[in-house]
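J.: The structure is given below, and queries will be raised subsequently.
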Amino acid sequence: MTFLSYLISGISLGSVYAIIALGYTMVYGIAKMLNFAHGDVIMVGAYISFCATSYLGLSPLVSVVLAILVCTVLGIVIERLAYKPLRQAPALAVLITAIGVSYFLQNAALLIWKSDPKTFSAVAGGSIKLFGGELTISAVTIVTVVSCIVIMVGLTLFTGHTKMGTAMRAVSEDKGAAQLMGINVNTTISVTFAIGSGLAAIAGVLLCSAYPTLMPTTGSMPGIKAFTAAVFGGIGSIPGAMLGGILLGVIEIFSKAYISTQLSDAIVFAVLIVVLLVKPDGLLGKHVSEKV
């Protein structure tokens with residue numbers, strides 16, 4: 001039962017990584033940029049939910065909806081103010097800007113909420129006991145895994161069967177050609193950031209429900225690991241982001257349980273290196289040849 005318990009914990013943690021990675025892969029797949037401020041949007045979402053429940057007395061469900069709305073607007077504002085003026089700029093300029101936005105959000109959180117840790121209340125309480133009580137699955141774990149599956153399926157259907165999803169795929173292929181066909185590229189990219197930031201809010205709430213210490217740096221390491229998961233599964237691929245996230249979570253938990261807590265992060269990144277050496281495009285990534 002211990003092995004099964006570790007496996008469930010790994011899938012739960014991996015589901016959070018997968019939700020964050022879906023935001024990364026959406027932005028990269030369509031806008032072709034790495035939004036390293038994504039991890040800090042996770043932190044903002046968690047703080048909004050915390051304030052809604054602790055200070056305003058709202059229900060956990062309402063607090064999650066409020067966090068999604070705030071982070072969605074925040075994602076649009078960040079894209080319009082920080083990234084839109086750099087649409088034609090070199091990739092390095094965009095990358096540096098993303099790091100700057102990340103530091104701005106962290107320091108703004110320090111000014112607003114201070115550096116002392118906050119205790120986050122789980123969005124779902126209770127647990128299920130199986131096999132005569134030998135295996136316990138928390139409600140947060142169930143909500144996290146179900147949320148991940150629903151989000152992945154929803155995004156797949158959205159990008160494949162809606163007008164906006166078609167526009168996103170067109171912009172991903174060729175921004176210039178998409179614009180000539182009447183697609184508003186700026187609006188499409190803004191919607192992509194809005195979706196990614198909304199997912200970051202959900203991930204932040206679920207992450208802090210499982211690990212209830214909330215700080216301005218809460219999203220930094222999970223954000224990096226989720227980016228690793230996106231690359232692991234094949235960045236730009238929605239199923240790849242989910243697969244990469246879950247595998248990463250399982251590897252991390254088993255590494256902590258059976259090898260070393262201190263070496264678990266090193267093992268995770270070592271596995272990524274091995275996978276990229278064998279399959280540079282990630283597990284489900286597609287190799288695209290470019291004419292030069």
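Naming works like this for the structure tokens: A, B, ... for the chains as they're shown, residue 1 at the start of each chain, ligands 1 onward in shown order.
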Find the spatial neighbours of stretch 185-191 of chain A, counting only C-alpha atoms, within a cut-off of 8 Å - ignore same-chain residues fewer than 2 positions away - and output them as a list in words.
T.: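 Residues near the query, excluding close chain neighbours: Val27, Ile30, Ala31, Gly75, Ile76, Glu79, Arg80, Lys84, Met164, Ala167, Met168, Val171, Lys175, Ala178, Gln179, Ile183, Phe193, Ala194 and Ile195 of chain A.
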J.: Store the residues of this selection in a file with C-alpha atoms, as an mmCIF file, in the first residue's frame.
T.:
```cif
data_model
loop_
_atom_site.group_PDB
_atom_site.id
_atom_site.type_symbol
_atom_site.label_atom_id
_atom_site.label_comp_id
_atom_site.auth_asym_id
_atom_site.auth_seq_id
_atom_site.Cartn_x
_atom_site.Cartn_y
_atom_site.Cartn_z
ATOM 1 C CA VAL A 27 1.601 30.576 -24.676
ATOM 2 C CA ILE A 30 0.778 30.190 -30.093
ATOM 3 C CA ALA A 31 2.936 33.240 -29.238
ATOM 4 C CA GLY A 75 -2.482 37.954 -17.793
ATOM 5 C CA ILE A 76 -4.098 40.255 -20.370
ATOM 6 C CA GLU A 79 0.668 40.768 -22.282
ATOM 7 C CA ARG A 80 -0.548 44.196 -23.432
ATOM 8 C CA LYS A 84 2.884 43.315 -27.076
ATOM 9 C CA MET A 164 -10.939 30.957 -31.547
ATOM 10 C CA ALA A 167 -7.423 31.165 -34.958
ATOM 11 C CA MET A 168 -4.905 30.127 -32.290
ATOM 12 C CA VAL A 171 -1.404 32.168 -35.480
ATOM 13 C CA LYS A 175 1.235 35.077 -37.762
ATOM 14 C CA ALA A 178 -3.174 34.462 -40.259
ATOM 15 C CA GLN A 179 -3.423 38.267 -40.270
ATOM 16 C CA ILE A 183 -7.486 36.916 -37.913
ATOM 17 C CA PHE A 193 -2.475 34.684 -22.124
ATOM 18 C CA ALA A 194 -5.877 34.994 -20.446
ATOM 19 C CA ILE A 195 -6.427 31.234 -20.599
#
```
J.: Per DSSP on the backbone, what are the strand (DSSP E) residues of stretch 120-232 of chain A, as a PyMOL selection string?
T.: chain A and resi 127-130+135-138+213-214
J.: Using only C-alpha atoms, which of A:Leu7, A:Leu81, A:Leu105, A:Ile19 sits nearest A:Ser220?
T.: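 Of all the options, A:Leu105 lies closest to A:Ser220.
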J.: Closest to A:Ser209 among A:Phe158, A:Phe131, A:Phe120, A:Phe104, using only C-alpha atoms?
T.: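 Closest residue, counting only C-alpha atoms: A:Phe120.
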J.: Quick one: everything within 7 Å of A:Gly14, counting only C-alpha atoms, minus sequence neighbours fewer than 5 positions away in the same chain. Send it as a ChimeraX atom specification.
T.: /A:245-250
J.: Which residues are close to A:Ile253, i.e. within 8 Å by only C-alpha atoms, leaving aside same-chain residues fewer than 6 positions away? Reply as a list in words.
T.: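 With the cut-off at 8 Å, the set is Tyr6, Leu7, Ser9, Gly10 and Ser264 of chain A.
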J.: Enumerate as a PyMOL selection string all residues of stretch 62-265 of chain A assigned to alpha helix (DSSP H) by DSSP on the backbone, naming them with the chain letters and numbers the document uses.
T.: chain A and resi 62-78+91-113+139-161+163-173+175-180+185-210+220-233+238-258+264-265
J.: Write out as CSV a residue-level contact list of stretch 151-267 of chain A versus stretch 109-114 of chain A with cut-off 9 Å: for each qualifying residue the closest pair of atoms and the distance in Å to one decimal, counting only C-alpha atoms, rows sorted by chain and residue number upward.
T.:
```
residue,atom,partner,partner_atom,distance
A:Met215,CA,A:Lys114,CA,8.4
A:Pro216,CA,A:Ala109,CA,5.6
A:Thr217,CA,A:Ala109,CA,9.0
```
J.: Write the residues you've just listed into a file as a compact mmCIF listing (two decimals), in the first residue's frame, and include N, CA and C atoms for each of them.
T.:
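Output saved as result11.txt:
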```
# COMPACT_ATOMS: atom_id res chain seq x y z
N MET A 215 3.70 31.94 0.31
CA MET A 215 4.68 33.02 0.37
C MET A 215 4.80 33.67 -1.02
N PRO A 216 5.42 34.87 -1.11
CA PRO A 216 5.59 35.50 -2.43
C PRO A 216 6.42 34.69 -3.41
N THR A 217 7.22 33.75 -2.90
CA THR A 217 8.04 32.91 -3.78
C THR A 217 7.39 31.55 -4.03
```
J.: Give me the residues within 10 Å of A:Ala46 as an NGL selection string, counting only C-alpha atoms and dropping any in the same chain fewer than 5 places off.
T.: :A and (40-41 or 51-52 or 63-64 or 67-68 or 71 or 120 or 200-209 or 214-216 or 218-219)
J.: Output N, CA and C atoms of each residue in that selection to a file, as a PDB file, in the first residue's frame.
T.:
```
ATOM      1  N   ASP A  40       4.757  33.289 -11.148  1.00  0.00           N
ATOM      2  CA  ASP A  40       4.345  34.321 -10.196  1.00  0.00           C
ATOM      3  C   ASP A  40       2.851  34.628 -10.309  1.00  0.00           C
ATOM      4  N   VAL A  41       2.275  34.380 -11.463  1.00  0.00           N
ATOM      5  CA  VAL A  41       0.814  34.485 -11.581  1.00  0.00           C
ATOM      6  C   VAL A  41       0.155  33.401 -10.725  1.00  0.00           C
ATOM      7  N   CYS A  51      -7.047  35.608   0.416  1.00  0.00           N
ATOM      8  CA  CYS A  51      -7.694  36.829   0.910  1.00  0.00           C
ATOM      9  C   CYS A  51      -9.217  36.711   0.867  1.00  0.00           C
ATOM     10  N   ALA A  52      -9.714  36.077  -0.191  1.00  0.00           N
ATOM     11  CA  ALA A  52     -11.172  35.932  -0.337  1.00  0.00           C
ATOM     12  C   ALA A  52     -11.772  35.073   0.772  1.00  0.00           C
ATOM     13  N   SER A  63     -13.947  31.782  -4.013  1.00  0.00           N
ATOM     14  CA  SER A  63     -12.580  32.314  -3.983  1.00  0.00           C
ATOM     15  C   SER A  63     -11.775  31.847  -5.189  1.00  0.00           C
ATOM     16  N   VAL A  64     -12.000  30.615  -5.620  1.00  0.00           N
ATOM     17  CA  VAL A  64     -11.308  30.099  -6.806  1.00  0.00           C
ATOM     18  C   VAL A  64     -11.753  30.855  -8.055  1.00  0.00           C
ATOM     19  N   ALA A  67     -10.165  34.229  -8.004  1.00  0.00           N
ATOM     20  CA  ALA A  67      -8.738  34.128  -8.350  1.00  0.00           C
ATOM     21  C   ALA A  67      -8.558  33.964  -9.854  1.00  0.00           C
ATOM     22  N   ILE A  68      -9.415  33.161 -10.482  1.00  0.00           N
ATOM     23  CA  ILE A  68      -9.335  32.957 -11.935  1.00  0.00           C
ATOM     24  C   ILE A  68      -9.586  34.273 -12.670  1.00  0.00           C
ATOM     25  N   CYS A  71      -6.587  36.726 -12.136  1.00  0.00           N
ATOM     26  CA  CYS A  71      -5.392  36.287 -12.874  1.00  0.00           C
ATOM     27  C   CYS A  71      -5.596  36.375 -14.378  1.00  0.00           C
ATOM     28  N   PHE A 120      -2.648  28.427   4.228  1.00  0.00           N
ATOM     29  CA  PHE A 120      -3.710  28.342   3.223  1.00  0.00           C
ATOM     30  C   PHE A 120      -4.698  27.231   3.604  1.00  0.00           C
ATOM     31  N   ALA A 200      -3.206  29.190 -14.327  1.00  0.00           N
ATOM     32  CA  ALA A 200      -2.221  29.415 -13.266  1.00  0.00           C
ATOM     33  C   ALA A 200      -2.917  29.647 -11.922  1.00  0.00           C
ATOM     34  N   ALA A 201      -4.039  30.367 -11.943  1.00  0.00           N
ATOM     35  CA  ALA A 201      -4.788  30.608 -10.704  1.00  0.00           C
ATOM     36  C   ALA A 201      -5.309  29.298 -10.117  1.00  0.00           C
ATOM     37  N   ILE A 202      -5.857  28.439 -10.976  1.00  0.00           N
ATOM     38  CA  ILE A 202      -6.350  27.134 -10.506  1.00  0.00           C
ATOM     39  C   ILE A 202      -5.205  26.324  -9.918  1.00  0.00           C
ATOM     40  N   ALA A 203      -4.070  26.316 -10.625  1.00  0.00           N
ATOM     41  CA  ALA A 203      -2.908  25.563 -10.149  1.00  0.00           C
ATOM     42  C   ALA A 203      -2.419  26.095  -8.807  1.00  0.00           C
ATOM     43  N   GLY A 204      -2.410  27.419  -8.638  1.00  0.00           N
ATOM     44  CA  GLY A 204      -1.963  28.013  -7.384  1.00  0.00           C
ATOM     45  C   GLY A 204      -2.831  27.598  -6.212  1.00  0.00           C
ATOM     46  N   VAL A 205      -4.132  27.592  -6.413  1.00  0.00           N
ATOM     47  CA  VAL A 205      -5.063  27.188  -5.349  1.00  0.00           C
ATOM     48  C   VAL A 205      -4.878  25.710  -5.008  1.00  0.00           C
ATOM     49  N   LEU A 206      -4.767  24.868  -6.027  1.00  0.00           N
ATOM     50  CA  LEU A 206      -4.597  23.430  -5.785  1.00  0.00           C
ATOM     51  C   LEU A 206      -3.253  23.126  -5.135  1.00  0.00           C
ATOM     52  N   LEU A 207      -2.209  23.834  -5.579  1.00  0.00           N
ATOM     53  CA  LEU A 207      -0.876  23.626  -5.002  1.00  0.00           C
ATOM     54  C   LEU A 207      -0.860  23.980  -3.522  1.00  0.00           C
ATOM     55  N   CYS A 208      -1.438  25.128  -3.181  1.00  0.00           N
ATOM     56  CA  CYS A 208      -1.435  25.554  -1.783  1.00  0.00           C
ATOM     57  C   CYS A 208      -2.437  24.766  -0.936  1.00  0.00           C
ATOM     58  N   SER A 209      -3.409  24.130  -1.566  1.00  0.00           N
ATOM     59  CA  SER A 209      -4.305  23.238  -0.825  1.00  0.00           C
ATOM     60  C   SER A 209      -3.564  21.981  -0.373  1.00  0.00           C
ATOM     61  N   LEU A 214       1.931  29.573   2.155  1.00  0.00           N
ATOM     62  CA  LEU A 214       1.846  30.534   1.043  1.00  0.00           C
ATOM     63  C   LEU A 214       2.813  31.686   1.275  1.00  0.00           C
ATOM     64  N   MET A 215       3.704  31.938   0.305  1.00  0.00           N
ATOM     65  CA  MET A 215       4.681  33.022   0.366  1.00  0.00           C
ATOM     66  C   MET A 215       4.799  33.667  -1.015  1.00  0.00           C
ATOM     67  N   PRO A 216       5.419  34.869  -1.110  1.00  0.00           N
ATOM     68  CA  PRO A 216       5.586  35.503  -2.427  1.00  0.00           C
ATOM     69  C   PRO A 216       6.422  34.687  -3.408  1.00  0.00           C
ATOM     70  N   THR A 218       6.125  31.400  -3.642  1.00  0.00           N
ATOM     71  CA  THR A 218       5.452  30.096  -3.734  1.00  0.00           C
ATOM     72  C   THR A 218       5.491  29.497  -5.136  1.00  0.00           C
ATOM     73  N   GLY A 219       5.294  30.321  -6.153  1.00  0.00           N
ATOM     74  CA  GLY A 219       5.173  29.787  -7.507  1.00  0.00           C
ATOM     75  C   GLY A 219       6.477  29.595  -8.244  1.00  0.00           C
TER      76      GLY A 219
END
```
J.: Restricting the calculation to only C-alpha atoms: of A:Leu34, A:Ala139, A:Ile273, A:Leu4, which residue gets closest to A:Ile235?
T.: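 The closest residue to A:Ile235 is A:Leu34.
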J.: State, in Å with one decimal place, the distance from atom CA of A:Ile224 to atom CA of A:Ile8.
T.: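 Result for atom CA of A:Ile224 versus atom CA of A:Ile8: 22.1 Å, one decimal.
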J.: For each of A:Tyr258, A:Phe36, A:Tyr55, A:Tyr28, take the minimum atom-to-atom distance to A:Ser102, counting only C-alpha atoms, then give the residue where this is smallest.
T.: A:Phe36
J.: So how far away is atom CA of A:Val145 from atom CA of A:Gln262, in Å?
T.: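 Atom CA of A:Val145 lies 26.2 Å from atom CA of A:Gln262.
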